[in-house]
file my_file-v6.csv (CSV, C-alpha atoms)
chain,number,residue,atom,x,y,z
B,1,MET,CA,0.0,0.0,0.0
B,2,LEU,CA,1.3,3.4,-1.0
B,3,ARG,CA,1.8,6.0,1.7
B,4,ILE,CA,0.9,9.4,0.1
B,5,LEU,CA,1.6,12.7,1.8
B,6,ILE,CA,-0.8,15.4,0.7
B,7,LEU,CA,0.0,19.0,1.4
B,8,GLU,CA,-3.5,20.6,1.2
B,9,ASP,CA,-5.3,23.2,3.4
B,10,SER,CA,-8.7,22.2,2.1
B,11,PRO,CA,-10.2,19.1,3.7
B,12,LEU,CA,-12.8,18.9,0.8
B,13,ASP,CA,-10.1,19.0,-1.9
B,14,ALA,CA,-8.1,16.3,0.0
B,15,GLU,CA,-11.3,14.1,0.1
B,16,LEU,CA,-11.8,14.6,-3.7
B,17,VAL,CA,-8.2,13.5,-4.3
B,18,GLY,CA,-8.7,10.5,-2.1
B,19,ALA,CA,-11.9,9.5,-3.8
B,20,ARG,CA,-10.3,9.8,-7.3
B,21,LEU,CA,-7.4,7.5,-6.1
B,22,SER,CA,-10.0,5.0,-4.7
B,23,GLU,CA,-11.8,5.0,-8.0
B,24,GLY,CA,-8.6,4.0,-9.7
B,25,GLU,CA,-8.1,1.1,-7.2
B,26,ILE,CA,-4.8,2.6,-6.0
B,27,GLY,CA,-4.4,1.2,-2.5
B,28,CYS,CA,-3.0,4.0,-0.4
B,29,GLU,CA,-2.9,5.7,3.0
B,30,LEU,CA,-3.4,9.4,2.7
B,31,VAL,CA,-1.6,11.6,5.3
B,32,ARG,CA,-2.8,15.2,5.1
B,33,VAL,CA,-0.8,18.2,6.4
B,34,GLN,CA,-1.3,21.9,5.8
B,35,SER,CA,1.7,23.7,7.3
B,36,ARG,CA,5.4,23.8,6.7
B,37,ASP,CA,6.3,22.4,10.1
B,38,ALA,CA,3.9,19.4,9.7
B,39,PHE,CA,5.1,18.8,6.1
B,40,ALA,CA,8.8,18.8,7.2
B,41,ALA,CA,8.0,16.5,10.2
B,42,ALA,CA,6.2,14.0,7.9
B,43,LEU,CA,9.2,14.0,5.5
B,44,GLU,CA,11.7,13.5,8.3
B,45,GLU,CA,9.6,10.6,9.7
B,46,GLY,CA,10.1,8.8,6.3
B,47,GLY,CA,8.1,6.1,4.7
B,48,VAL,CA,6.5,8.5,2.1
B,49,ASP,CA,6.0,7.0,-1.4
B,50,LEU,CA,4.4,10.0,-3.1
B,51,ILE,CA,3.8,13.7,-2.4
B,52,LEU,CA,0.7,15.5,-3.7
B,53,ALA,CA,0.9,19.2,-3.0
B,54,ASP,CA,-1.2,22.3,-3.6
B,55,TYR,CA,0.7,25.2,-5.0
B,56,VAL,CA,-0.9,28.0,-2.9
B,57,LEU,CA,-1.2,27.6,0.9
B,58,PRO,CA,-1.5,30.0,3.8
B,59,GLY,CA,2.0,30.9,4.9
B,60,PHE,CA,3.6,28.4,2.6
B,61,ASP,CA,4.1,28.0,-1.2
B,62,GLY,CA,4.5,25.1,-3.5
B,63,LEU,CA,8.1,25.8,-4.7
B,64,SER,CA,9.3,26.0,-1.1
B,65,ALA,CA,7.6,22.7,-0.4
B,66,LEU,CA,9.2,21.1,-3.5
B,67,SER,CA,12.6,22.4,-2.4
B,68,LEU,CA,12.2,21.0,1.1
B,69,ALA,CA,11.1,17.6,-0.3
B,70,LYS,CA,14.1,17.5,-2.6
B,71,GLU,CA,16.3,18.2,0.3
B,72,LEU,CA,14.8,15.6,2.7
B,73,CYS,CA,13.7,12.8,0.3
B,74,PRO,CA,15.0,13.5,-3.2
B,75,SER,CA,13.8,10.2,-4.6
B,76,VAL,CA,10.1,10.6,-3.7
B,77,PRO,CA,7.9,11.7,-6.7
B,78,PHE,CA,6.3,15.1,-6.2
B,79,ILE,CA,3.1,16.1,-8.1
B,80,PHE,CA,1.4,19.5,-7.8
B,81,VAL,CA,-2.4,19.3,-7.5
B,82,SER,CA,-3.6,22.9,-7.7
B,83,GLY,CA,-6.6,25.0,-8.6
B,84,THR,CA,-4.6,27.6,-10.5
B,85,LEU,CA,-1.3,27.0,-12.2
B,86,GLY,CA,-0.4,29.1,-15.2
B,87,GLU,CA,1.8,27.8,-18.0
B,88,GLU,CA,4.9,29.7,-16.9
B,89,VAL,CA,4.5,28.5,-13.3
B,90,ALA,CA,3.9,24.9,-14.4
B,91,ILE,CA,7.1,25.0,-16.5
B,92,GLU,CA,9.0,26.4,-13.5
B,93,THR,CA,7.8,23.6,-11.2
B,94,LEU,CA,8.9,21.0,-13.7
B,95,LYS,CA,12.3,22.6,-14.1
B,96,SER,CA,12.6,22.7,-10.3
B,97,GLY,CA,12.2,19.0,-10.0
B,98,ALA,CA,8.4,18.3,-9.8
B,99,THR,CA,7.3,15.0,-11.4
B,100,ASP,CA,4.1,16.4,-12.8
B,101,TYR,CA,1.2,18.8,-12.2
B,102,VAL,CA,-2.6,18.3,-12.2
B,103,LEU,CA,-5.2,21.0,-12.1
B,104,LYS,CA,-8.0,20.4,-9.6
B,105,HIS,CA,-10.7,20.9,-12.2
B,106,ARG,CA,-9.1,18.2,-14.3
B,107,LEU,CA,-8.7,15.5,-11.7
B,108,GLU,CA,-9.2,12.8,-14.3
B,109,ARG,CA,-5.5,13.3,-15.1
B,110,LEU,CA,-4.5,12.4,-11.5
B,111,LEU,CA,-4.6,8.6,-11.9
B,112,PRO,CA,-2.4,8.5,-15.0
B,113,ALA,CA,0.0,11.0,-13.4
B,114,VAL,CA,0.3,9.0,-10.2
B,115,ARG,CA,0.8,5.7,-12.1
B,116,ARG,CA,3.4,7.2,-14.3
B,117,ALA,CA,5.2,8.8,-11.4
B,118,MET,CA,5.3,5.5,-9.4
B,119,ARG,CA,6.4,3.6,-12.5
B,120,GLU,CA,9.2,6.0,-13.1
B,121,ALA,CA,10.2,5.8,-9.4
B,122,GLU,CA,10.3,2.0,-9.6
B,123,GLU,CA,12.4,2.1,-12.8
B,124,ARG,CA,14.8,4.6,-11.2
B,125,TRP,CA,15.1,2.4,-8.1
B,126,GLU,CA,15.8,-0.7,-10.3
B,127,ARG,CA,18.5,1.2,-12.1
B,128,GLU,CA,20.1,2.4,-8.9
B,129,ARG,CA,20.0,-1.1,-7.5
B,130,ALA,CA,21.6,-2.5,-10.7
B,131,LEU,CA,24.3,0.2,-10.4
B,132,GLN,CA,24.9,-0.6,-6.8
B,133,ASN,CA,25.2,-4.3,-7.6
B,134,LEU,CA,27.7,-3.5,-10.4
B,135,GLU,CA,29.7,-1.4,-8.0
B,136,LYS,CA,29.8,-4.2,-5.5
B,137,ARG,CA,31.0,-6.7,-8.1
B,138,LEU,CA,33.7,-4.3,-9.3
B,139,LEU,CA,34.8,-3.6,-5.8
B,140,GLY,CA,34.9,-7.4,-5.1
B,141,ALA,CA,36.9,-8.0,-8.3
B,142,LYS,CA,39.3,-5.2,-7.2
B,143,GLU,CA,39.8,-6.8,-3.7
B,144,GLU,CA,40.3,-10.2,-5.3
B,145,GLU,CA,43.0,-8.8,-7.5
B,146,ARG,CA,44.6,-7.2,-4.5
B,147,ARG,CA,44.6,-10.6,-2.8
B,148,ARG,CA,46.1,-12.3,-5.8
B,149,VAL,CA,48.9,-9.8,-6.2
B,150,ALA,CA,49.6,-9.9,-2.5
B,151,TYR,CA,50.1,-13.6,-2.6
B,152,GLU,CA,52.2,-13.4,-5.7
B,153,VAL,CA,54.4,-10.7,-4.1
B,154,HIS,CA,54.6,-12.8,-0.9
B,155,ASP,CA,55.6,-16.0,-2.7
B,156,GLY,CA,57.9,-14.3,-5.1
B,157,LEU,CA,59.6,-11.0,-4.4
B,158,ALA,CA,59.3,-11.2,-0.6
B,159,GLN,CA,60.9,-14.6,-0.5
B,160,VAL,CA,63.7,-13.5,-2.8
B,161,ALA,CA,64.4,-10.4,-0.7
B,162,LEU,CA,64.3,-12.4,2.6
B,163,ALA,CA,66.6,-15.0,1.2
B,164,ALA,CA,69.1,-12.4,-0.1
B,165,HIS,CA,69.1,-10.8,3.4
B,166,GLN,CA,69.8,-14.1,5.1
B,167,ASN,CA,72.5,-15.0,2.6
B,168,LEU,CA,74.2,-11.7,3.1
B,169,GLN,CA,74.1,-12.1,6.9
B,170,ALA,CA,75.7,-15.6,6.5
B,171,PHE,CA,78.3,-14.2,4.1
B,172,ALA,CA,79.2,-11.4,6.5
B,173,ARG,CA,79.7,-13.9,9.4
B,174,ARG,CA,81.9,-16.2,7.3
B,175,TYR,CA,83.8,-13.6,5.3
B,176,ALA,CA,84.0,-10.6,7.6
B,177,PRO,CA,85.6,-7.6,5.9
B,178,GLU,CA,89.0,-6.8,7.2
B,179,THR,CA,88.8,-3.1,6.7
B,180,GLU,CA,86.5,-0.5,8.3
B,181,GLN,CA,85.4,0.7,4.9
B,182,GLY,CA,84.5,-2.9,3.9
B,183,ARG,CA,82.5,-3.3,7.0
B,184,ARG,CA,80.6,0.0,6.5
B,185,GLU,CA,79.9,-1.0,2.9
B,186,LEU,CA,78.5,-4.4,3.9
B,187,ASP,CA,76.4,-2.8,6.6
B,188,ARG,CA,75.0,-0.4,4.0
B,189,ILE,CA,74.1,-3.2,1.7
B,190,LEU,CA,72.5,-5.2,4.5
B,191,GLY,CA,70.5,-2.1,5.5
B,192,GLN,CA,69.2,-1.7,1.9
B,193,VAL,CA,68.1,-5.3,1.8
B,194,ARG,CA,66.4,-5.0,5.2
B,195,SER,CA,64.6,-2.0,3.9
B,196,THR,CA,63.5,-3.9,0.8
B,197,VAL,CA,62.2,-6.7,2.9
B,198,SER,CA,60.3,-4.2,5.1
B,199,ASP,CA,58.9,-2.3,2.2
B,200,THR,CA,57.8,-5.6,0.6
B,201,ARG,CA,55.9,-6.6,3.7
B,202,ARG,CA,54.3,-3.2,3.9
B,203,VAL,CA,53.1,-3.5,0.3
B,204,ILE,CA,51.7,-7.0,1.0
B,205,ALA,CA,49.9,-5.6,4.1
B,206,ASN,CA,48.4,-2.7,2.2
B,207,LEU,CA,47.2,-4.9,-0.7
B,208,ARG,CA,45.6,-7.5,1.6
B,209,PRO,CA,46.4,-7.8,5.3
B,210,THR,CA,46.4,-11.4,6.3
B,211,ALA,CA,45.4,-10.4,9.9
B,212,LEU,CA,42.1,-9.1,8.5
B,213,ASP,CA,41.3,-12.4,6.8
B,214,ASP,CA,42.6,-14.6,9.6
B,215,LEU,CA,41.9,-12.7,12.8
B,216,GLY,CA,39.4,-10.0,12.0
B,217,LEU,CA,39.1,-6.2,12.0
B,218,ALA,CA,40.4,-5.5,15.6
B,219,ALA,CA,43.6,-7.5,14.9
B,220,ALA,CA,44.2,-5.7,11.6
B,221,ILE,CA,43.7,-2.3,13.2
B,222,ALA,CA,46.0,-3.3,16.0
B,223,LEU,CA,48.7,-4.2,13.5
B,224,GLU,CA,48.3,-0.8,11.8
B,225,VAL,CA,48.7,0.8,15.2
B,226,GLU,CA,51.9,-1.2,15.8
B,227,ARG,CA,53.3,-0.1,12.5
B,228,LEU,CA,52.4,3.6,13.3
B,229,SER,CA,54.2,3.3,16.6
B,230,GLU,CA,57.3,1.9,14.9
B,231,GLU,CA,57.2,5.0,12.6
B,232,GLY,CA,57.2,7.3,15.6
B,233,TYR,CA,53.4,8.1,15.9
B,234,HIS,CA,51.7,8.3,19.2
B,235,VAL,CA,48.4,6.5,18.8
B,236,ALA,CA,45.5,6.3,21.3
B,237,CYS,CA,43.4,3.3,20.3
B,238,GLU,CA,40.1,2.3,21.9
B,239,GLU,CA,38.6,-1.0,20.6
B,240,HIS,CA,35.4,-2.4,21.9
B,241,LEU,CA,34.2,-4.9,19.3
B,242,GLY,CA,33.9,-8.0,21.4
B,243,ASP,CA,34.9,-11.5,20.4
B,244,GLU,CA,32.3,-12.1,17.6
B,245,ARG,CA,33.6,-11.5,14.1
B,246,LEU,CA,31.9,-8.9,12.0
B,247,PRO,CA,30.6,-9.8,8.5
B,248,ARG,CA,33.5,-10.0,6.0
B,249,GLU,CA,32.2,-7.1,3.8
B,250,MET,CA,31.9,-4.8,6.8
B,251,GLU,CA,35.3,-5.7,8.2
B,252,LEU,CA,36.9,-5.0,4.8
B,253,ALA,CA,35.0,-1.7,4.3
B,254,LEU,CA,35.9,-0.4,7.8
B,255,PHE,CA,39.5,-1.5,7.4
B,256,ARG,CA,39.9,0.3,4.0
B,257,VAL,CA,38.3,3.5,5.6
B,258,ALA,CA,40.9,3.3,8.4
B,259,GLN,CA,43.7,2.6,6.0
B,260,GLU,CA,42.9,5.5,3.8
B,261,ALA,CA,42.5,7.9,6.7
B,262,LEU,CA,45.9,6.8,8.1
B,263,THR,CA,47.4,7.3,4.7
B,264,ASN,CA,46.1,10.8,4.6
B,265,ILE,CA,47.5,11.5,8.0
B,266,ARG,CA,51.0,10.2,6.9
B,267,LYS,CA,50.9,12.4,3.8
B,268,HIS,CA,49.1,15.5,4.9
B,269,ALA,CA,48.5,16.0,8.6
B,270,ASP,CA,52.0,16.9,9.7
B,271,THR,CA,51.4,15.5,13.2
B,272,LYS,CA,52.5,12.4,15.1
B,273,TRP,CA,49.4,12.4,17.4
B,274,LEU,CA,46.2,10.6,16.5
B,275,LYS,CA,43.3,8.6,17.9
B,276,ILE,CA,41.5,5.6,16.6
B,277,GLU,CA,38.2,4.4,18.0
B,278,LEU,CA,36.4,1.2,17.1
B,279,ARG,CA,33.1,0.2,18.8
B,280,ARG,CA,30.2,-2.2,18.4
B,281,LEU,CA,27.1,-0.2,19.3
B,282,ASP,CA,23.5,-1.1,19.4
B,283,GLY,CA,22.9,-2.6,15.9
B,284,GLU,CA,25.8,-0.8,14.2
B,285,VAL,CA,29.6,-0.5,14.2
B,286,TYR,CA,31.4,2.8,14.7
B,287,LEU,CA,34.9,3.6,13.5
B,288,ALA,CA,36.6,7.0,14.0
B,289,VAL,CA,40.1,8.3,13.1
B,290,ARG,CA,41.1,11.7,14.4
B,291,ASP,CA,44.4,13.5,13.9
B,292,PHE,CA,45.6,16.6,15.6
B,293,GLY,CA,47.4,18.1,12.6
B,294,HIS,CA,46.9,21.3,10.6
B,295,GLY,CA,43.7,20.1,8.9
B,296,PHE,CA,42.6,21.4,5.5
B,297,ASP,CA,40.2,24.0,4.0
B,298,PRO,CA,37.0,22.4,2.7
B,299,ALA,CA,36.7,25.2,0.2
B,300,ALA,CA,40.0,24.3,-1.5
B,301,LEU,CA,38.6,20.8,-2.1
B,302,GLU,CA,35.5,22.2,-3.7
B,303,MET,CA,37.7,24.0,-6.2
B,304,LEU,CA,39.0,20.5,-7.2
B,305,GLY,CA,35.6,19.2,-7.8
B,306,GLY,CA,35.1,17.4,-4.5
B,307,LYS,CA,32.4,17.7,-1.9
B,308,PRO,CA,32.9,20.0,1.1
B,309,GLY,CA,35.2,18.1,3.6
B,310,GLU,CA,36.5,15.6,1.1
B,311,ARG,CA,39.9,15.2,-0.5
B,312,ILE,CA,41.3,12.5,-2.8
B,313,GLY,CA,40.5,9.0,-1.3
B,314,PHE,CA,37.5,10.2,0.7
B,315,ALA,CA,35.1,9.5,-2.2
B,316,GLY,CA,36.2,5.8,-2.1
B,317,MET,CA,35.5,5.7,1.6
B,318,ARG,CA,32.1,7.2,1.2
B,319,GLU,CA,31.3,4.7,-1.6
B,320,ARG,CA,32.3,1.6,0.4
B,321,VAL,CA,30.4,2.7,3.5
B,322,GLY,CA,27.3,3.7,1.5
B,323,MET,CA,27.1,0.4,-0.3
B,324,LEU,CA,26.6,-1.2,3.2
B,325,GLY,CA,23.9,1.3,4.2
B,326,GLY,CA,26.2,3.3,6.4
B,327,ASP,CA,27.2,6.9,6.7
B,328,LEU,CA,30.6,8.6,6.5
B,329,GLU,CA,31.3,11.9,8.4
B,330,ILE,CA,34.4,14.0,7.6
B,331,GLN,CA,35.2,17.1,9.5
B,332,SER,CA,38.3,19.2,9.1
B,333,ARG,CA,39.4,22.7,9.9
B,334,ALA,CA,42.6,24.5,9.2
B,335,GLU,CA,45.0,24.1,12.1
B,336,ALA,CA,42.5,22.0,14.0
B,337,GLY,CA,43.0,18.5,12.6
B,338,THR,CA,40.7,16.1,10.7
B,339,PHE,CA,38.0,13.7,12.0
B,340,VAL,CA,36.8,10.8,9.9
B,341,ALA,CA,34.0,8.6,11.2
B,342,ALA,CA,32.0,5.7,9.7
B,343,ILE,CA,28.9,4.1,11.0
B,344,ILE,CA,27.6,0.9,9.4
B,345,PRO,CA,24.5,-1.0,10.4
B,346,LEU,CA,25.3,-4.4,11.7
B,347,ILE,CA,23.5,-7.1,9.6
B,348,ARG,CA,24.0,-10.5,11.1
B,349,THR,CA,24.8,-13.4,8.7
B,350,ALA,CA,23.5,-16.9,9.3
call {"tool": "encode", "arguments": {"input": "my_file-v6.csv", "output": "structure tokens"}}
result
Amino acid sequence: MLRILILEDSPLDAELVGARLSEGEIGCELVRVQSRDAFAAALEEGGVDLILADYVLPGFDGLSALSLAKELCPSVPFIFVSGTLGEEVAIETLKSGATDYVLKHRLERLLPAVRRAMREAEERWERERALQNLEKRLLGAKEEERRRVAYEVHDGLAQVALAAHQNLQAFARRYAPETEQGRRELDRILGQVRSTVSDTRRVIANLRPTALDDLGLAAAIALEVERLSEEGYHVACEEHLGDERLPREMELALFRVAQEALTNIRKHADTKWLKIELRRLDGEVYLAVRDFGHGFDPAALEMLGGKPGERIGFAGMRERVGMLGGDLEIQSRAEAGTFVAAIIPLIRTA
């Protein structure tokens, strides 16, 4: 059954609209409001499938109602049902985002308009769902490729680098250089190989951390904190996830958000102080990464085509979190640091 919100100050006109819908056998629940506050409250409550609105109301007007609807529930069809609506005004409403308009003295047009609006909304929803499914498949393929490359690097380059380091150590013990210059040169070569081994391990961890697959999100975050500490960062980490593993997709999304946020801190924050918080709340999981660096100006990002508060990499975070029905919050202010938080609803798997 459709839930139709009707913005109408005339009870009689609302009854006529309801009667016309009943004649067309459109099962619906009509909720009538007649003020801006009541209209906004109904939109914020949610669950509205269609909006029918008069254009002229006491203390409120149709275009303002349309603007409010587009802000609070942009996917809900909006049809004007008005007694007077000139051609110029009608065109303006459609340009502003109205789905259609029906004159009250021509209510025979209401049923076709409603059916068309709902059909288009359904088709739009199907397209969006197909696009989301495609994005999930592409993201899954990307993660699978990361996993494959990580294993290849681990079994190939990492093993070669480790063997070279061990062989050099054995060589140094057996054939120790007799001169100070020779010892310094050997130490330099050993340091380069150690650095290669360390860099290779870091690449593998960034591609696909084995701790995430084997032990879960908390262990993977703890490993990131350990690496940060080794790099000289001071990390306050609060983790309250409990013993039960999260769904795999959720763990992966939250880890990538944390990873990207930490990468931004390394590159841009110019601080060694940060805080990571990971909690299982009532029906959702919360991750927050805060740094105490110089932050950035959201207006500068808008000039590069991003949303306010976003820089390169944040769009990927938002996409991952959004595909799981979650929200991503990004706050930053020049000289006051950056705060990134993700909240994802917890869907239990069988």
call {"tool": "residues_around", "arguments": {"input": "my_file-v6.csv", "residues": "Leu215 (chain B)", "least_positions_apart": "2", "cutoff": "12 Å", "atoms": "all atoms listed in the file", "output": "list in words"}}
result
Pro209, Thr210, Ala211, Leu212, Asp213, Leu217, Ala218, Ala219, Ala220, Ile221, Ala222, Leu223, Asp243, Glu244, Arg245, Leu246, Arg248 and Glu251 of chain B
call {"tool": "closest_residue", "arguments": {"input": "my_file-v6.csv", "among": "B:Val33, B:Ile189, B:Val76, B:Leu168", "to": "Ile51 (chain B)", "atoms": "only C-alpha atoms"}}
result
B:Val76
call {"tool": "residues_around", "arguments": {"input": "my_file-v6.csv", "residues": "Leu162 (chain B)", "least_positions_apart": "2", "cutoff": "10 Å", "atoms": "only C-alpha atoms", "output": "ChimeraX atom specification"}}
result
/B:157-160,164-168,193-194,196-198,200
call {"tool": "closest_atom_pairs", "arguments": {"input": "my_file-v6.csv", "of": "region 44-86 of chain B", "to": "region 112-128 of chain B", "cutoff": "12 Å", "atoms": "all atoms listed in the file", "output": "tab-separated table"}}
result
residue	atom	partner	partner_atom	distance
B:Val48	CA	B:Met118	CA	11.9
B:Asp49	CA	B:Met118	CA	8.2
B:Leu50	CA	B:Met118	CA	7.8
B:Ile51	CA	B:Val114	CA	9.8
B:Leu52	CA	B:Val114	CA	9.2
B:Pro74	CA	B:Ala121	CA	11.0
B:Ser75	CA	B:Ala121	CA	7.4
B:Val76	CA	B:Ala121	CA	7.5
B:Pro77	CA	B:Ala117	CA	6.1
B:Phe78	CA	B:Ala117	CA	8.2
B:Ile79	CA	B:Val114	CA	7.9
B:Phe80	CA	B:Ala113	CA	10.3
B:Val81	CA	B:Ala113	CA	10.5
call {"tool": "atom_distance", "arguments": {"input": "my_file-v6.csv", "atom1": "CA of Val56 (chain B)", "atom2": "CA of Glu25 (chain B)"}}
result
28.2 Å
call {"tool": "atom_distance", "arguments": {"input": "my_file-v6.csv", "atom1": "CA of Phe60 (chain B)", "atom2": "CA of Leu94 (chain B)"}}
result
18.7 Å
call {"tool": "atom_distance", "arguments": {"input": "my_file-v6.csv", "atom1": "CA of Phe314 (chain B)", "atom2": "CA of Ser67 (chain B)"}}
result
27.9 Å
call {"tool": "closest_residue", "arguments": {"input": "my_file-v6.csv", "among": "B:Leu324, B:Leu228, B:Ala269, B:Leu63", "to": "His294 (chain B)", "atoms": "only C-alpha atoms"}}
result
B:Ala269
call {"tool": "residues_around", "arguments": {"input": "my_file-v6.csv", "residues": "Leu16 (chain B)", "least_positions_apart": "2", "cutoff": "12 Å", "atoms": "only C-alpha atoms", "output": "number ranges by chain"}}
result
B: 6, 8, 10-14, 18-23, 30, 81, 104-108, 110
call {"tool": "closest_residue", "arguments": {"input": "my_file-v6.csv", "among": "B:Ala261, B:Ala40, B:Val89, B:Val235", "to": "Ala341 (chain B)", "atoms": "only C-alpha atoms"}}
result
B:Ala261
call {"tool": "closest_residue", "arguments": {"input": "my_file-v6.csv", "among": "B:Leu2, B:Ile265, B:Cys28, B:Leu190", "to": "Ala170 (chain B)", "atoms": "only C-alpha atoms"}}
result
B:Leu190
call {"tool": "residues_around", "arguments": {"input": "my_file-v6.csv", "residues": "Glu87 (chain B)", "least_positions_apart": "3", "cutoff": "12 Å", "atoms": "only C-alpha atoms", "output": "ChimeraX atom specification"}}
result
/B:84,90-94,101-103
call {"tool": "residues_near_point", "arguments": {"input": "my_file-v6.csv", "point": "(39.1, 9.2, 11.0)", "cutoff": "10 Å", "atoms": "only C-alpha atoms", "output": "list of chain:residue names"}}
result
B:Val257, B:Ala258, B:Gln259, B:Glu260, B:Ala261, B:Leu262, B:Asn264, B:Ile265, B:Leu274, B:Lys275, B:Ile276, B:Glu277, B:Leu287, B:Ala288, B:Val289, B:Arg290, B:Asp291, B:Leu328, B:Glu329, B:Ile330, B:Gln331, B:Thr338, B:Phe339, B:Val340, B:Ala341, B:Ala342
call {"tool": "closest_residue", "arguments": {"input": "my_file-v6.csv", "among": "B:Val31, B:Gly337, B:Val285, B:Glu319", "to": "Gln132 (chain B)", "atoms": "all atoms listed in the file"}}
result
B:Glu319
call {"tool": "closest_residue", "arguments": {"input": "my_file-v6.csv", "among": "B:Asp54, B:Asp282, B:Glu239, B:Asp61", "to": "Ser82 (chain B)", "atoms": "all atoms listed in the file"}}
result
B:Asp54
